[in-house]
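See below for the structure under consideration.
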Amino acid sequence: MEEIIKLHYVYLGYSLLAAILAIALLKAAGTNMQKIPGRFQNAMEFALDGLRGLFSGALGKGNEEHLPFVMMLFFFILISNFLEFIPGIRSPSAATSITMALGVLSFFYIQAAGIRAHGVWGYVKHFGGTIMWLAPLFFIIEIIGELSKPFSLGMRLFGNVYGEDQILVQVFTAMGHNIALRIGMIPLQVLTNILQCFTNLVQAFIFPLLVSAFIASMASHSDEEEGGHDAPAAA
């Protein structure tokens, strides 16, 4: 039990390192902006513009205020995933305590976004659906669905990253058997690392995209509300 607790503290330290690196990267991208940008500034502007467009589309119209949260999730998970390539450091995304914490944090943010967009009564009414006599049943189903979000978000990220880590460990273990095997496993190691880079990037996109979709579902205004706002202007 003590070893498990100690391991969780180790992963917590790695997650703090990932958070510091993510903040430092974004701060570096926003300071010392040049009229004639260098390679780093060009690369960051290109990446940030692409991410804004992607996540803005997932969040939906009117929900752009949530972009900082979603993009911070992306950079934190991205850096967390790639920390495993540093010798002696494990990816925080391979620990359930970290991924579940991200899931719970996102869950509360999603609920707060819904309350902010619709008010407390509108937020509660959202769970009842549009058919009055089925509202109790819909309410129970929607509540169960909402409560499952932290678990599904956290375990999906953990399962994918942990599985990749185990594959990498198996490759390195096989390489250490003898010199001949070590030489023969080098192409497999290179291929594994390339695939890991790709899947790490994909996982960094999936988590914030799902959070963006949940925010859009919870915080977006209905067509009737938008129509109601547009009606006076049309008149």
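By convention in this document, the chains of the structure tokens carry letters A, B, ... by their order, each chain's residues are numbered from 1, and ligands are numbered from 1 in the order they are shown.
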Please provide the set of residues having any atom within 6 Å of stretch 97-112 of chain A, restricted to only C-alpha atoms, with same-chain residues fewer than 6 positions apart removed, written as a ChimeraX atom specification. /A:150,153-154,215
Using the chain letters and numbers from this document, which residues of stretch 38-123 of chain A does DSSP assign to alpha helix (DSSP H), as number ranges by chain? A: 39-59, 67-82, 96-123
Taking 6 positions as the minimum chain separation for residues in the same chain, which residues sit within 12 Å of A:Ala113 when counting only C-alpha atoms? Answer as a PyMOL selection string. chain A and resi 59+62-66+69+106-107+119-120+122-123+211-212+214-221
May I have the selected residues written with C-alpha atoms, as an mmCIF file, in the first residue's frame?
```cif
data_model
loop_
_atom_site.group_PDB
_atom_site.id
_atom_site.type_symbol
_atom_site.label_atom_id
_atom_site.label_comp_id
_atom_site.auth_asym_id
_atom_site.auth_seq_id
_atom_site.Cartn_x
_atom_site.Cartn_y
_atom_site.Cartn_z
ATOM 1 C CA LEU A 59 -17.302 24.148 -28.859
ATOM 2 C CA GLY A 62 -20.920 31.478 -28.660
ATOM 3 C CA ASN A 63 -18.740 29.196 -26.551
ATOM 4 C CA GLU A 64 -15.345 30.642 -27.484
ATOM 5 C CA GLU A 65 -14.834 31.781 -23.877
ATOM 6 C CA HIS A 66 -14.021 28.171 -22.995
ATOM 7 C CA PHE A 69 -9.483 25.812 -20.634
ATOM 8 C CA SER A 106 -13.486 18.698 -16.686
ATOM 9 C CA PHE A 107 -16.789 17.394 -15.291
ATOM 10 C CA GLY A 119 -28.961 29.613 -15.014
ATOM 11 C CA VAL A 120 -29.665 27.070 -12.282
ATOM 12 C CA GLY A 122 -32.377 26.104 -17.041
ATOM 13 C CA TYR A 123 -29.489 23.804 -16.144
ATOM 14 C CA VAL A 211 -14.642 17.987 -23.337
ATOM 15 C CA SER A 212 -15.431 20.600 -26.013
ATOM 16 C CA PHE A 214 -19.687 18.079 -23.756
ATOM 17 C CA ILE A 215 -19.423 21.836 -23.141
ATOM 18 C CA ALA A 216 -21.211 22.527 -26.430
ATOM 19 C CA SER A 217 -23.991 20.103 -25.478
ATOM 20 C CA MET A 218 -24.387 21.623 -22.022
ATOM 21 C CA ALA A 219 -23.837 25.329 -22.693
ATOM 22 C CA SER A 220 -25.170 25.925 -26.223
ATOM 23 C CA HIS A 221 -28.420 27.828 -26.540
#
```
Excluding A:Leu78 and its own-chain neighbours fewer than 5 positions away, which residues fall within 8 Å of it when counting only C-alpha atoms? Please give them as a list in words.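 Listing them by chain and then by number gives Asn200, Leu201, Gln203 and Ala204 of chain A.
Closest approach to A:Ile23 from the set A:Phe85, A:Phe76, A:Phe205, A:Tyr11 is made by A:Phe76, with distances taken over only C-alpha atoms.
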How far is it from atom CA of A:Met155 to atom CA of A:Pro92, in Å with one decimal?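 Rounded to one decimal, the two atoms are 13.0 Å apart.
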From the set A:Arg156, A:Lys27, A:His118, A:His8, which residue has the shortest atom-to-atom contact distance to A:Gln41, counting only C-alpha atoms?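 Nearest to A:Gln41: A:Lys27.
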For A:Tyr9, which of A:Ala95, A:Lys149, A:Leu48, A:Pro208 is the closest residue, counting only C-alpha atoms? A:Ala95
